[in-house]
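Engineer: Let me begin by handing over the structure; questions about it come next.
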2 protein chains.
Amino acid sequence: MQSFADLNAEQFNVPTAARGLIPVVRARDGLRASDRVFESVGTAIRELRLPPGLLLSESELAQQLHVSRTPLREAIVRLVDAGLLQVLPQVGTLVAKIRMSDVEEARFVRETLEIGAFELACAPAHRDVSVLHDLLDQQQRAHERGDLETFFSADEALHAEIFSMAGHPGAWMAVQRMKFQLDRLRRLSLPDPATVETLIHDHRRIVDAIATAELAQGRHQISVHARRVLEHAPLMQLKFPDYFATEPRA
Amino acid sequence: MQSFADLNAEQFNVPTAARGLIPVVRARDGLRASDRVFESVGTAIRELRLPPGLLLSESELAQQLHVSRTPLREAIVRLVDAGLLQVLPQVGTLVAKIRMSDVEEARFVRETLEIGAFELACAPAHRDVSVLHDLLDQQQRAHERGDLETFFSADEALHAEIFSMAGHPGAWMAVQRMKFQLDRLRRLSLPDPATVETLIHDHRRIVDAIATAELAQGRHQISVHARRVLEHAPLMQLKFPDYFATEPRA
DNA sequence: CCTTGCATACTTGTATGGAAGTATGCAAGG
DNA sequence: CCTTGCATACTTCCATACAAGTATGCAAGG
């Protein structure tokens with residue numbers, strides 16, 4: 001199995017240091033070291049900088065992030081709960097592979113909750129979709145200048161805003177927890193500009209459905225939108241076979 | 001603020017030991033100490049043996065559970081993520097109070113996902129509701145002999161089984177995470193036998209709706225069922241005012 | 001050549017000691 | 001009597017040392 005140090009050695013030609021893979025966030029704010037590590041490592045996993053199946057080591061990671069093993073372990077515990085890491089006692093800690101059954105569950109949760117939120121967002125007589133239009137514009141501009149990260153942020157913000165309009169901003173948290181698995185699959189298939197345009201198109205139709213309170217149309221659009229990650233899944237499984245888990249959860 | 005030791009002193013007349021509040025789970029299986037503590041403390045909180053607002057202490061808890069502070073802290077981190085604990089740095093760790101906004105969010109997530117699962121469970125032509133009927137019988141018998149714990153288990157199992165029938169057993173996990181807040185509110189209002197009978201009645205109607213695939217009827221019943229916890233909420237807020245949070249999340 | 005057993009170097013899990021920060025009570029001064 | 005400042009006793013947070021278990025490579029024996 002490929003180790004963390006090996007991977008870094010390949011990419012940066014430095015045997016021990018791993019600068020670049022995980023940005024070393026320094027002690028800003030009053031944030032706990034545990035939180036910084038959770039954010040840093042969690043983002044690195046979701047952005048596939050730490051590829052699925054990679055074997056990590058607590059002490060190695062701790063050194064590279066300049067924290068001790070205690071706060072690192074607390075971050076690991078949370079990442080295990082989130083389904084992004086898997087700990088094999090006395091063996092190692094590895095980046096969880098993408099399990100299509102988990103992806104499907106996340107898709108169901110997301111689609112179902114977003115449709116529920118959409119219906120509530122359509123209910124108020126005086127609803128204000130100007131924020132949604134702003135976010136659509138942001139996405140368009142970010143796409144035109146090839147800024148994927150900003151597009152991602154605006155994408156997230158759009159979906160979160162719909163939950164806010166529905167009066168359930170907290171439910172978006174529940175969706176995000178499940179979305180972790182979807183994120184990695186999306187990241188695999190999203191360098192394609194055409195796909196981004198499709199997503200923006202989806203967003204426009206969903207926002208339009210809210211503006212005009214067309215329930216049936218909106219439900220359909222959200223369903224289509226939520227299932228897009230699954231479209232490229234079979235191809236991605238062929239292209240990156242060892243990113244995907246074949247066996248049931250250990 | 002009432003401390004953990006004080007509470008125990010009141011109930012058991014022992015100043016330091018806290019036997020009874022949290023069962024000391026001994027090192028069975030190959031389970032990690034961290035996992036045992038998470039289960040033990042989490043259950044104690046959900047069953048209100050550790051009342052909302054209670055101020056805890058890492059070292060105190062560690063002594064009483066016969067583990068060191070490290071695995072205890074890892075359990076605390078998970079319980080914070082679950083929304084059952086709240087850590088105030090350099091001050092203390094306290095049992096999170098019940099916030100009605102969280103309850104409402106959990107209700108929305110649960111109701112929406114259960115309706116979604118219900119619709120899928122109705123779809124297959126050859127669906128087998130015998131397991132559901134067994135669980136209904138278990139609930140009836142448990143209620144007749146006043147066995148609340150068994151009723152709770154069968155209740156959970158029934159809802160989980162519906163998600164299984166829908167082909168999304170994993171989505172039940174997402175519901176359970178949100179349900180933690182609902183559990184405590186239910187626990188407050190459930191010593192009432194009449195309420196238990198109402199719940200069993202709800203369950204029967206929901207199972208019937210699945211058996212006959214009456215979509216509209218089932219959706220309505222699940223919605224009514226999911227909102228029952230809210231019925232007694234105002235009364236409970238009057239009866240146990242310091243169990244509930246008034247301010248927004250810190 | 002192949003198999004088996006063991007020494008060794010890892011891994012995660014747990015315990016403990018110290019550092020930094022906060023609430024509290026008490027004493028001194030107005 | 002009321003307010004202010006400080007000493008003290010907590011708290012969580014972090015670093016480190018040790019314990020227990022697993023994989024690996026090498027050597028010895030069949």
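Letters A, B, ... go to the chains of the structure tokens in the order shown; residues in each chain start at 1; ligands are counted from 1 in the same order.
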Please identify every residue of chain D that has at least one atom no farther than 12 Å from an atom of chain A, counting only C-alpha atoms (C1' of nucleotides), and for each give the shortest atom pair and the distance in Å to one decimal, arranged by chain then increasing number, as a Markdown table.

Structural biologist:
```
| residue | atom | partner | partner_atom | distance |
| --- | --- | --- | --- | --- |
| D:DT12 | C1' | A:Arg32 | CA | 10.7 |
| D:DC13 | C1' | A:Arg32 | CA | 8.0 |
| D:DC14 | C1' | A:Thr70 | CA | 7.1 |
| D:DA15 | C1' | A:Ser68 | CA | 6.0 |
| D:DT16 | C1' | A:Ser68 | CA | 8.6 |
| D:DA20 | C1' | A:Gln90 | CA | 8.7 |
| D:DG21 | C1' | A:Gln90 | CA | 5.7 |
| D:DT22 | C1' | A:Gln90 | CA | 5.8 |
| D:DA23 | C1' | A:Val91 | CA | 7.8 |
```

Engineer: May I have the residues within 10 Å of Val77 of chain A as JSON, numbers by chain, using only C-alpha atoms (C1' of nucleotides) and disregarding those fewer than 2 positions away in the same chain?

Structural biologist: {"A": [38, 71, 72, 73, 74, 75, 79, 80, 81, 82, 83, 85, 86, 87], "B": [34, 74, 75, 77, 78]}

Engineer: For chain C against chain A, which residues fall within 10 Å using only C-alpha atoms (C1' of nucleotides), given as a list in words?

Structural biologist: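 Going by the stated atoms only, the list reads DC10, DT11, DT12 and DG13 of chain C.
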
Engineer: Tell me as a PyMOL selection string which residues belonging to chain B come within 7 Å of chain A, counting only C-alpha atoms.

Structural biologist: chain B and resi 74+77-78+105+109+112-113+116+168+170-171

Engineer: Going by DSSP on the backbone, which bits of segment 79-187 of chain B are strand (DSSP E or B)? Write them as a list in words, please.

Structural biologist: Leu85, Gln86, Val87, Leu88, Gly92, Thr93, Leu94, Val95 and Ile98 of chain B

Engineer: What's the 10 Å shell around DG29 of chain D, counting only C-alpha atoms (C1' of nucleotides), without same-chain residues fewer than 5 positions away, as a short mmCIF file (atom, residue, chain, number, x, y, z; two decimals) with N, CA and C atoms (P, O5', C5', C4', C3', O3' and C1' of nucleotides), in the first residue's frame?

Structural biologist:
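What follows is the written file result-v7.cif:
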```cif
data_model
loop_
_atom_site.label_atom_id
_atom_site.label_comp_id
_atom_site.auth_asym_id
_atom_site.auth_seq_id
_atom_site.Cartn_x
_atom_site.Cartn_y
_atom_site.Cartn_z
P DT C 3 5.79 -22.71 0.06
"O5'" DT C 3 5.99 -22.98 1.62
"C5'" DT C 3 6.24 -24.31 2.07
"C4'" DT C 3 6.76 -24.27 3.48
"C3'" DT C 3 5.93 -23.44 4.47
"O3'" DT C 3 5.58 -24.24 5.59
"C1'" DT C 3 8.22 -22.90 4.66
P DT C 4 4.48 -23.67 6.70
"O5'" DT C 4 5.40 -23.31 7.93
"C5'" DT C 4 6.41 -24.24 8.35
"C4'" DT C 4 7.31 -23.58 9.36
"C3'" DT C 4 6.60 -22.72 10.41
"O3'" DT C 4 7.08 -23.05 11.70
"C1'" DT C 4 8.33 -21.48 9.40
P DG C 5 6.18 -22.70 13.02
"O5'" DG C 5 7.15 -21.77 13.85
"C5'" DG C 5 8.48 -22.19 14.10
"C4'" DG C 5 9.36 -20.97 14.33
"C3'" DG C 5 8.77 -19.97 15.33
"O3'" DG C 5 9.65 -19.87 16.44
"C1'" DG C 5 9.57 -18.88 13.35
#
```

Engineer: Quick check for you: according to DSSP on this backbone, which residues of segment 117-220 of chain B are classed as alpha helix (DSSP H)? Reply as a ChimeraX atom specification.

Structural biologist: /B:117-122,130-144,148-165,171-189,193-212,215-220

Engineer: Identify, on the basis of only C-alpha atoms (C1' of nucleotides), every residue whose closest approach to Ala213 of chain A does not exceed 8 Å; exclude the query and any residue fewer than 2 positions from it along the same chain; express the result as a ChimeraX atom specification.

Structural biologist: /A:122-123,209-211,215

Engineer: One decimal, Å: what's the distance from atom CA of Met173 of chain B over to atom CA of His159 of chain B, could you say?

Structural biologist: 11.1 Å

Engineer: Between A:Ile222, A:Leu31, A:Val103, A:Ile98, single out the one closest to Gln237 of chain A, counting only C-alpha atoms.

Structural biologist: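 Going through A:Ile222, A:Leu31, A:Val103, A:Ile98 one by one, the smallest distance to Gln237 of chain A is for A:Ile98.
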
Engineer: Of the residues B:Val95, B:Val41, B:Asp155, B:Asp208, which is the one nearest to Leu56 of chain B, using only C-alpha atoms?

Structural biologist: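 Among the listed residues, the smallest separation from Leu56 of chain B belongs to B:Val95.
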
Engineer: Tell me which protein, DNA and RNA residues are within 9 Å of segment 2-8 of chain D, counting only C-alpha atoms (C1' of nucleotides), leaving out same-chain ones fewer than 5 positions away, and put them as a list in words.

Structural biologist: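 Here the answer would be DT24, DG25, DA28, DG29 and DG30 of chain C.
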